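Structure first, commentary second.
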Amino acid sequence: MNKHNKNFEASLSRRQVMVGALGMTFAIALGGRADAAVLTGERIGQTFSPWVSIAPDGTITIMSAATEMGQGSMTSLPLIIAEELDADWSKVRIVPAPPIDTIYGNPGFGGMMYTAGSNAVTSYYIPLRTMGAQVRRVLLDNAARKLGVPVEELVTEPSVVVHAKSGRKLSYGDIAAIAEIPAKAPEIKPDQLKKPSQFRLIGKDVMRVELPTKVNGSAQYGIDIQVPGMLYGTVLRAPIEGSVPNKIDDAKAKAIDGVTSVVRLPHGVGVVAQTAWAAFAGRQALLDAVTWTRTGTAWGFDSDKGHDAFAASAKNLKEAARDWSAQGNARGEIQKAANLVEAEYRCDYAYHAQMEPLNAVASVSAAGDTVEIWAGTQSQTTATEAPAKLLGIPRDRVKLHDLLMGGGFGRRGNRDVDFIVDAVMLSKEIGKPVKVMWTREDDVHNGRFRPLSAHYLRAGFDPAGKLTTWHHRVAADRITPFMDPVRFQAGGGRDGMVMAGTDVRGYDIPHQLVEQLYRDTGVRTNPLRGIGVTANKFATEAFMDELAYKRGVDPLAFRLELLKGTPRAQKVVERVAQMAEWGKKREGRALGLAYIDYSGSQVAGIAEVSLNRATGQIKVHNFWCAIDCGVAIQPDNIVAQTEGSIVYGLGMTMSERISIKNGAVEQSNFYDYSLPRMNEVPEMHVELIQTDNHPTGAGQMSTPLIAPAVSSAFAALTGVRLRHTPFTPERVLAALKV
Amino acid sequence: MATNFIVNGKPAKTDAPSATPLLWVIREDLKLTGTKFGCGTGLCGACMVHIDGKRAFSCQTQVSEVAGKSITTIEGLSPDSSHKLQKAWLAESVPQCGYCQSGQIMSAADLLKNNPKPTREQIVQHMSTNICRCGTYKRIVRAVERASKEA
Ligand code: FES
Ligand code: FES
């Protein structure tokens, strides 16, 4: 992380670099146009900062530090700059920022360029507003000089500086043509930023910049790229991480018309061909023609048996665990509890299923000292770091063209960028540009999954019936050592991505203890939309519901009582209850509620379900959701993201399941890994509660609501608790029989 | 052996082996990349095109089957994004990642052609051939309804 792009830094320092507010760099171009050779992309005009250029015709180029996978950050981050800059949005052009972590890095990820965790807006909000305000201030100072008036007499309208007294105006383009850029960026204090009531762009729903390209086929994803002289590649990857090809019988593959070579790789066997179809056919011909070494950890692992073992360990209090979080004295208090309730929950592995199968185009130079990459990636940092390391070249020799992503959900942010490395290896091997595409089967078999987890919970009540003690033990397959080894080491083995969401923030429970039982099965795992929060909130929120029933209290009233000290939480819970008409009796249907504080965003959801008792099929008829994520940059987009999060959560709740037999993935494609279709999604009713709080995320916050809400609705309907996601019909029938 | 057919109103030709899925000819030979590869098994609809006016999974159609036929891809639906579905798609801000949306729009166009005023149930039934992993279903329904109301 934080490796510097030397060329760019050198050129910046020639132009006098200074560090602006909040540690971000404000570059100074001395009286010239931006050097297009330095910045990839086509910014035009006067460079006011690494983030903003303005051309004499008024065109404003704003750099986008976040990559776009449908979540809208490529619009919302530049919009934040444009707001404080007071830009005319119709004159703005957005250019993907080059991979220069020191300038464009995400403050929420230690300065790495990484679009994930629904935190782009949260982390960049103040820095980018400050950047925009600094550029506006430079424009004002230049206008004051030109007009010969004190700067205090000037105001801005979109892309225009106005001197009200004399009625004179200067457009931003006019100013750009004569602008002198100061050596030191003007200081902007937080109280000099706009008040929310002054916003012209934030909260007004501008159209996402790339949207028009997504209705006519012109949007460009990594998979759409063709470069001159390019060949096609596929890789038959090892069925188990850590195995390598042993014997390769490539005769059948090579006999296919158009296949030009079969290449032994460390992690699989590559096929290179003149056409895409020949490359796919070549991979198919290798299926029974490769044997693999029995290396790697996962050999012999069976996820059903493994899950039983996880659950037994979680429940066995004598089994070693590390304290993840503690408050009060849960260990002592639980012994004194007048009433003790316990429960177990489980979640299966789940697959990202981003719609665009993984792919990349790479072109390694003949000398092997530079590489050009075209790919959709959640991290410009890892997308350049891993190939540089592989080729043994500096990172600035990796030229990245980052393209739109046909879905990310975490899969395109993984640290080893396995899908890019394939293309780099094959291009290096054959000396030509190669487009590597994974088949859907590759994408499933070699996915990186939301981990398997087992949860054991206990709650203690005092004699007055108050919930005083909370104890949660999580046994789950690890994520963080692979995704963020530095943080994992620094934290002494804390697996934050797995344990996220174990907190019961908002609820007033004096004594709490959460324990982590670290497990490493060798199965490939990864952050997936909702990370650990999806599994952990299924456990904690369903358990909360059980506790209410055990106490004979309405689950809504039970939560509201515990949330007394948290007004924002209470508000979303109360609102969603109103939306769903909580108290209303319904024939053959029932409601279930869940509430989550997800990284500060307040979300509450209610599911309305019915059951076909013959087939075990649950139907979710309605889902109501209230979300408060503070200042809403693009309100309708937050609603859209929430709808998408609900559908995503529905899949993991109802049908999505990866199982492992003898170390390998059993599923292959959408016939055995089934995603929600239109006829399976409920009516969704989303209400955004806008507040002036610092903006927090929206891209995944509602995903974890679905499983506990459906489990609790099912319990309200049948008296039976579903404890294992997904709630497949077989599991439902089995639960009803017990 | 060359196969001749019509794509978006213009003659097209390919030398691809007859068993090659139409999808790859459209995408890689004709460079009409709006039609997407999602599953290759007829299960997601990302590859949806019209063949002689009816929707078809291009990943499940061999190039030999389209000899002499007329194919429309998303690029040929309108020259300038002016098809009422394309306009409705923007009005409802349907796309998220957008990857499935060419297929969604081609499926919807097929529906409206045969049934200009579909009921909500008919929309849902027809469109359930197409997966949207981003979960834009609600907006797709709204956009189809909006387009169907437009004369
Ligand atoms: S790619 Fe044709 S249906 Fe999925
Ligand atoms: S918009 Fe992403 S899959 Fe539909």
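So you can find residues: chains in the structure tokens are A, B, ... in the order shown, residues in each start at 1, and ligands are numbered from 1 in order.
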
Select from chain B every residue with an atom at most 6 Å from any atom of chain A, then for each give the shortest pair of atoms and their distance in Å to one decimal, using only C-alpha atoms, rows by chain and rising number, as a Markdown table.
| residue | atom | partner | partner_atom | distance |
| --- | --- | --- | --- | --- |
| B:Thr33 | CA | A:Asp224 | CA | 5.7 |
| B:Gly34 | CA | A:Gly217 | CA | 3.6 |
| B:Gly38 | CA | A:Met355 | CA | 5.8 |
| B:Cys39 | CA | A:Arg440 | CA | 5.2 |
| B:Ile74 | CA | A:Asn216 | CA | 5.9 |
| B:Glu75 | CA | A:Asn216 | CA | 5.8 |
| B:Ser81 | CA | A:Asn216 | CA | 5.9 |
| B:Gln86 | CA | A:Val215 | CA | 5.7 |
| B:Gln96 | CA | A:Gly70 | CA | 3.9 |
| B:Cys97 | CA | A:Gly70 | CA | 3.5 |
| B:Gly98 | CA | A:Lys214 | CA | 5.3 |
| B:Tyr99 | CA | A:Gly406 | CA | 4.9 |
| B:Val124 | CA | A:Asn679 | CA | 5.8 |
| B:Ser128 | CA | A:Met678 | CA | 5.1 |
| B:Ile131 | CA | A:Arg677 | CA | 5.8 |
| B:Cys134 | CA | A:Gly644 | CA | 5.3 |
| B:Gly135 | CA | A:Gly644 | CA | 4.2 |
| B:Tyr137 | CA | A:Met678 | CA | 5.8 |

Inset, instruction - DSSP on the backbone, then: every residue of chain B marked alpha helix (DSSP H), written as a ChimeraX atom specification. - result: /B:22-24,74-77,84-91,101-114,120-127,137-149

Selection file, C-alpha atoms, as a short mmCIF file (atom, residue, chain, number, x, y, z; two decimals), in the first residue's frame:
data_model
loop_
_atom_site.label_atom_id
_atom_site.label_comp_id
_atom_site.auth_asym_id
_atom_site.auth_seq_id
_atom_site.Cartn_x
_atom_site.Cartn_y
_atom_site.Cartn_z
CA LEU B 22 -23.90 -16.56 -32.16
CA LEU B 23 -22.97 -14.58 -29.03
CA TRP B 24 -19.24 -14.79 -29.75
CA ILE B 74 -29.21 -3.63 -28.49
CA GLU B 75 -27.17 -1.43 -30.82
CA GLY B 76 -29.84 -1.84 -33.47
CA LEU B 77 -32.87 -1.25 -31.27
CA LYS B 84 -39.39 4.14 -25.73
CA LEU B 85 -37.89 1.45 -23.51
CA GLN B 86 -34.48 3.08 -23.58
CA LYS B 87 -36.05 6.39 -22.61
CA ALA B 88 -38.08 4.75 -19.87
CA TRP B 89 -34.96 2.95 -18.61
CA LEU B 90 -33.25 6.30 -18.10
CA ALA B 91 -36.33 7.96 -16.66
CA GLN B 101 -29.47 -4.33 -19.09
CA SER B 102 -29.02 -4.87 -22.83
CA GLY B 103 -30.58 -8.28 -22.35
CA GLN B 104 -33.31 -6.87 -20.14
CA ILE B 105 -34.23 -4.22 -22.70
CA MET B 106 -34.22 -6.74 -25.56
CA SER B 107 -36.50 -9.03 -23.55
CA ALA B 108 -38.81 -6.15 -22.72
CA ALA B 109 -38.90 -5.00 -26.36
CA ASP B 110 -39.97 -8.49 -27.35
CA LEU B 111 -42.76 -8.36 -24.77
CA LEU B 112 -44.13 -4.99 -25.84
CA LYS B 113 -44.04 -5.94 -29.48
CA ASN B 114 -46.44 -8.80 -28.89
CA ARG B 120 -47.78 -6.45 -14.14
CA GLU B 121 -48.02 -10.24 -13.85
CA GLN B 122 -47.28 -10.61 -17.55
CA ILE B 123 -44.25 -8.36 -17.22
CA VAL B 124 -42.92 -10.31 -14.27
CA GLN B 125 -43.48 -13.64 -15.95
CA HIS B 126 -41.87 -12.58 -19.21
CA MET B 127 -38.91 -10.86 -17.60
CA TYR B 137 -36.18 -5.65 -10.89
CA LYS B 138 -38.52 -3.15 -9.33
CA ARG B 139 -37.31 -0.41 -11.63
CA ILE B 140 -37.43 -2.67 -14.66
CA VAL B 141 -41.13 -3.25 -13.98
CA ARG B 142 -41.69 0.48 -13.60
CA ALA B 143 -39.81 1.23 -16.81
CA VAL B 144 -41.74 -1.36 -18.84
CA GLU B 145 -44.99 0.03 -17.47
CA ARG B 146 -43.90 3.56 -18.31
CA ALA B 147 -42.94 2.58 -21.86
CA SER B 148 -46.19 0.68 -22.36
CA LYS B 149 -48.14 3.80 -21.46
#

Using only C-alpha atoms, which residues sit within 6 Å of region 617-623 of chain A once same-chain residues fewer than 2 positions away are excluded, as a short mmCIF file (atom, residue, chain, number, x, y, z; two decimals) with all heavy atoms, in the first residue's frame?
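The file below, selection-v3.cif, is the result:
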data_model
loop_
_atom_site.label_atom_id
_atom_site.label_comp_id
_atom_site.auth_asym_id
_atom_site.auth_seq_id
_atom_site.Cartn_x
_atom_site.Cartn_y
_atom_site.Cartn_z
N ILE A 606 -38.63 -4.92 7.57
CA ILE A 606 -39.68 -5.86 7.97
C ILE A 606 -40.04 -6.72 6.77
O ILE A 606 -40.31 -6.19 5.68
CB ILE A 606 -40.92 -5.11 8.50
CG1 ILE A 606 -40.58 -4.44 9.84
CG2 ILE A 606 -42.11 -6.08 8.65
CD1 ILE A 606 -41.72 -3.62 10.42
N ALA A 607 -40.04 -8.02 6.99
CA ALA A 607 -40.44 -8.96 5.93
C ALA A 607 -41.83 -9.48 6.23
O ALA A 607 -42.17 -9.73 7.40
CB ALA A 607 -39.46 -10.13 5.88
N GLU A 608 -42.63 -9.64 5.18
CA GLU A 608 -43.94 -10.29 5.32
C GLU A 608 -43.89 -11.59 4.53
O GLU A 608 -43.63 -11.56 3.32
CB GLU A 608 -45.04 -9.38 4.76
CG GLU A 608 -46.43 -9.99 4.94
CD GLU A 608 -47.48 -9.25 4.12
OE1 GLU A 608 -47.28 -9.09 2.90
OE2 GLU A 608 -48.49 -8.84 4.70
N VAL A 609 -44.11 -12.70 5.20
CA VAL A 609 -43.95 -13.99 4.53
C VAL A 609 -45.20 -14.87 4.67
O VAL A 609 -46.02 -14.68 5.57
CB VAL A 609 -42.74 -14.80 5.08
CG1 VAL A 609 -41.48 -13.95 5.12
CG2 VAL A 609 -43.03 -15.37 6.46
N SER A 610 -45.29 -15.82 3.72
CA SER A 610 -46.24 -16.91 3.87
C SER A 610 -45.49 -18.20 3.55
O SER A 610 -44.34 -18.15 3.12
CB SER A 610 -47.44 -16.74 2.93
OG SER A 610 -47.02 -16.89 1.59
N LEU A 611 -46.13 -19.32 3.79
CA LEU A 611 -45.44 -20.61 3.65
C LEU A 611 -46.35 -21.60 2.95
O LEU A 611 -47.53 -21.71 3.26
CB LEU A 611 -45.09 -21.14 5.05
CG LEU A 611 -44.66 -22.61 5.14
CD1 LEU A 611 -43.29 -22.80 4.49
CD2 LEU A 611 -44.60 -23.05 6.61
N ASN A 612 -45.76 -22.32 2.00
CA ASN A 612 -46.45 -23.48 1.44
C ASN A 612 -45.99 -24.70 2.25
O ASN A 612 -44.86 -25.16 2.12
CB ASN A 612 -46.07 -23.63 -0.04
CG ASN A 612 -46.74 -24.82 -0.68
OD1 ASN A 612 -47.05 -25.82 -0.02
ND2 ASN A 612 -46.98 -24.72 -1.98
N THR A 615 -44.65 -27.89 0.31
CA THR A 615 -43.36 -27.87 -0.39
C THR A 615 -42.23 -27.29 0.46
O THR A 615 -41.06 -27.47 0.14
CB THR A 615 -43.44 -27.00 -1.66
OG1 THR A 615 -43.74 -25.64 -1.26
CG2 THR A 615 -44.53 -27.49 -2.61
N PRO A 682 -39.90 -9.69 -3.49
CA PRO A 682 -41.10 -9.10 -2.89
C PRO A 682 -41.35 -7.70 -3.43
O PRO A 682 -40.48 -7.11 -4.06
CB PRO A 682 -40.74 -9.03 -1.41
CG PRO A 682 -39.25 -8.94 -1.38
CD PRO A 682 -38.76 -9.72 -2.56
N GLU A 683 -42.51 -7.18 -3.13
CA GLU A 683 -42.72 -5.74 -3.30
C GLU A 683 -41.78 -5.06 -2.31
O GLU A 683 -41.75 -5.43 -1.13
CB GLU A 683 -44.16 -5.37 -2.93
CG GLU A 683 -45.21 -5.87 -3.91
CD GLU A 683 -45.15 -5.13 -5.24
OE1 GLU A 683 -44.84 -3.92 -5.23
OE2 GLU A 683 -45.39 -5.77 -6.27
N MET A 684 -41.03 -4.08 -2.80
CA MET A 684 -40.09 -3.41 -1.90
C MET A 684 -40.55 -1.99 -1.65
O MET A 684 -40.92 -1.28 -2.58
CB MET A 684 -38.69 -3.41 -2.51
CG MET A 684 -38.09 -4.80 -2.52
SD MET A 684 -36.44 -4.78 -3.23
CE MET A 684 -36.82 -4.84 -4.97
N PRO A 729 -36.21 -25.12 0.79
CA PRO A 729 -37.42 -25.86 1.13
C PRO A 729 -37.13 -27.12 1.96
O PRO A 729 -37.86 -27.42 2.90
CB PRO A 729 -38.02 -26.21 -0.23
CG PRO A 729 -37.55 -25.11 -1.13
CD PRO A 729 -36.18 -24.76 -0.64
#

Inset, instruction - Within 8 Å of ligand 1, which residues show up when you count only C-alpha atoms and all ligand atoms? List them as an MDAnalysis selection string, please. - result: chainID B and resid 23 36:48 57:60 130

Could you dump the residues just selected with N, CA and C atoms as a PDB file, in the first residue's frame?
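The new file again09.pdb reads:
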ATOM      1  N   LEU B  23     -23.468 -15.582 -29.976  1.00  0.00           N
ATOM      2  CA  LEU B  23     -22.966 -14.579 -29.031  1.00  0.00           C
ATOM      3  C   LEU B  23     -21.541 -14.142 -29.347  1.00  0.00           C
ATOM      4  N   LYS B  36     -24.176  -9.322 -24.051  1.00  0.00           N
ATOM      5  CA  LYS B  36     -23.218  -9.760 -23.039  1.00  0.00           C
ATOM      6  C   LYS B  36     -23.190 -11.275 -22.816  1.00  0.00           C
ATOM      7  N   PHE B  37     -22.040 -11.708 -22.337  1.00  0.00           N
ATOM      8  CA  PHE B  37     -21.851 -13.086 -21.892  1.00  0.00           C
ATOM      9  C   PHE B  37     -22.057 -13.116 -20.374  1.00  0.00           C
ATOM     10  N   GLY B  38     -23.033 -13.922 -19.930  1.00  0.00           N
ATOM     11  CA  GLY B  38     -23.250 -14.011 -18.490  1.00  0.00           C
ATOM     12  C   GLY B  38     -23.040 -15.412 -17.966  1.00  0.00           C
ATOM     13  N   CYS B  39     -23.635 -16.395 -18.661  1.00  0.00           N
ATOM     14  CA  CYS B  39     -23.568 -17.767 -18.144  1.00  0.00           C
ATOM     15  C   CYS B  39     -23.241 -18.781 -19.227  1.00  0.00           C
ATOM     16  N   GLY B  40     -23.563 -18.453 -20.467  1.00  0.00           N
ATOM     17  CA  GLY B  40     -23.301 -19.393 -21.552  1.00  0.00           C
ATOM     18  C   GLY B  40     -24.215 -20.599 -21.558  1.00  0.00           C
ATOM     19  N   THR B  41     -25.249 -20.581 -20.722  1.00  0.00           N
ATOM     20  CA  THR B  41     -26.095 -21.770 -20.594  1.00  0.00           C
ATOM     21  C   THR B  41     -27.583 -21.459 -20.719  1.00  0.00           C
ATOM     22  N   GLY B  42     -27.927 -20.293 -21.208  1.00  0.00           N
ATOM     23  CA  GLY B  42     -29.353 -19.984 -21.383  1.00  0.00           C
ATOM     24  C   GLY B  42     -30.085 -19.707 -20.084  1.00  0.00           C
ATOM     25  N   LEU B  43     -29.356 -19.285 -19.047  1.00  0.00           N
ATOM     26  CA  LEU B  43     -29.987 -19.117 -17.740  1.00  0.00           C
ATOM     27  C   LEU B  43     -30.054 -17.678 -17.237  1.00  0.00           C
ATOM     28  N   CYS B  44     -29.386 -16.749 -17.929  1.00  0.00           N
ATOM     29  CA  CYS B  44     -29.346 -15.396 -17.363  1.00  0.00           C
ATOM     30  C   CYS B  44     -29.927 -14.320 -18.265  1.00  0.00           C
ATOM     31  N   GLY B  45     -29.903 -14.539 -19.562  1.00  0.00           N
ATOM     32  CA  GLY B  45     -30.490 -13.557 -20.479  1.00  0.00           C
ATOM     33  C   GLY B  45     -29.609 -12.366 -20.825  1.00  0.00           C
ATOM     34  N   ALA B  46     -28.380 -12.337 -20.344  1.00  0.00           N
ATOM     35  CA  ALA B  46     -27.492 -11.208 -20.666  1.00  0.00           C
ATOM     36  C   ALA B  46     -27.211 -11.139 -22.164  1.00  0.00           C
ATOM     37  N   CYS B  47     -27.373 -12.274 -22.836  1.00  0.00           N
ATOM     38  CA  CYS B  47     -27.000 -12.389 -24.252  1.00  0.00           C
ATOM     39  C   CYS B  47     -28.194 -12.229 -25.185  1.00  0.00           C
ATOM     40  N   MET B  48     -29.313 -11.731 -24.649  1.00  0.00           N
ATOM     41  CA  MET B  48     -30.565 -11.733 -25.417  1.00  0.00           C
ATOM     42  C   MET B  48     -30.499 -10.833 -26.648  1.00  0.00           C
ATOM     43  N   PHE B  57     -31.755 -16.419 -26.869  1.00  0.00           N
ATOM     44  CA  PHE B  57     -30.465 -16.419 -26.164  1.00  0.00           C
ATOM     45  C   PHE B  57     -29.364 -16.622 -27.209  1.00  0.00           C
ATOM     46  N   SER B  58     -28.543 -15.625 -27.426  1.00  0.00           N
ATOM     47  CA  SER B  58     -27.517 -15.798 -28.463  1.00  0.00           C
ATOM     48  C   SER B  58     -26.454 -16.803 -28.036  1.00  0.00           C
ATOM     49  N   CYS B  59     -26.342 -17.063 -26.751  1.00  0.00           N
ATOM     50  CA  CYS B  59     -25.357 -18.063 -26.314  1.00  0.00           C
ATOM     51  C   CYS B  59     -25.834 -19.476 -26.597  1.00  0.00           C
ATOM     52  N   GLN B  60     -27.147 -19.608 -26.848  1.00  0.00           N
ATOM     53  CA  GLN B  60     -27.717 -20.930 -27.112  1.00  0.00           C
ATOM     54  C   GLN B  60     -28.076 -21.120 -28.587  1.00  0.00           C
ATOM     55  N   ASN B 130     -34.581 -13.216 -17.325  1.00  0.00           N
ATOM     56  CA  ASN B 130     -33.363 -12.401 -17.246  1.00  0.00           C
ATOM     57  C   ASN B 130     -32.979 -12.137 -15.798  1.00  0.00           C
TER      58      ASN B 130
END

Inset, instruction - Might you pull out every residue within 6 Å of region 1-3 of chain B, with only C-alpha atoms counted and same-chain residues fewer than 2 positions away left off, and present them as a list in words? - result: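 The residues that qualify are Lys13, Thr14, Asp15 and Ala67 of chain B.
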
Write a file of the selected residues as a PDB file, in the first residue's frame, keeping C-alpha atoms.
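Dumped to again.pdb:
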ATOM      1  CA  LYS B  13     -20.905 -12.771 -42.714  1.00  0.00           C
ATOM      2  CA  THR B  14     -18.799 -15.056 -40.567  1.00  0.00           C
ATOM      3  CA  ASP B  15     -16.395 -17.896 -41.174  1.00  0.00           C
ATOM      4  CA  ALA B  67     -28.131 -18.363 -41.895  1.00  0.00           C
TER       5      ALA B  67
END

Legend entry - Pick from A:Gly105, A:Gly148, A:Gly45, A:Gly719 nearest to Ser64 (chain A), counting only C-alpha atoms: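 Nearest candidate to Ser64 (chain A) out of A:Gly105, A:Gly148, A:Gly45, A:Gly719: A:Gly105.
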
Inset, instruction - For each of A:Leu591, A:Ala314, A:Ile240, A:Val572, take the minimum atom-to-atom distance to Ala476 (chain A), counting only C-alpha atoms, then give the residue where this is smallest. - result: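 Between A:Leu591, A:Ala314, A:Ile240, A:Val572, the residue approaching Ala476 (chain A) most closely is A:Ala314.
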
Inset, instruction - List every residue of region 54-88 of chain B that DSSP, applied to the backbone of this structure, places in strand (DSSP E or B), and write the result as a ChimeraX atom specification. - result: /B:54-57,62,70-72

Since we have the selection now, will you write its residues out, keeping C-alpha atoms, as a compact mmCIF listing (two decimals), in the first residue's frame?
# COMPACT_ATOMS: atom_id res chain seq x y z
CA LYS B 54 -38.33 -12.82 -31.56
CA ARG B 55 -36.10 -12.83 -28.51
CA ALA B 56 -33.44 -15.53 -28.35
CA PHE B 57 -30.47 -16.42 -26.16
CA GLN B 62 -25.39 -21.74 -33.12
CA SER B 70 -32.23 -11.15 -39.38
CA ILE B 71 -30.76 -10.34 -36.01
CA THR B 72 -31.27 -7.25 -33.90

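Between ligand 2 and the candidates B:Pro17, B:Pro79, B:Gly53, B:Pro95, the tightest atom-to-atom separation, counting only C-alpha atoms and all ligand atoms, involves B:Pro95.
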
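Closest approach to Ile51 (chain B) among B:Thr73, B:Glu92, B:Leu30, B:Cys132 is made by B:Thr73 (distances from only C-alpha atoms).
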
Inset, instruction - Find the residues around Ile81 (chain A) up to 10 Å (only C-alpha atoms counted), leave out those fewer than 3 positions away in its own chain, and share them as a PyMOL selection string. - result: chain A and resi 51-52+62-63+76-78+84-87+124-136

Legend entry - Residue neighbourhood Gln327 (chain A), 12 Å, only C-alpha atoms, exclusion window fewer than 6 positions, as a PyMOL selection string: chain A and resi 333+468-471+503-505+508-514

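Residue nearest ligand 2, chosen from B:His83, B:Ser93, B:Thr119, B:Val49 and counting only C-alpha atoms and all ligand atoms: B:Ser93.
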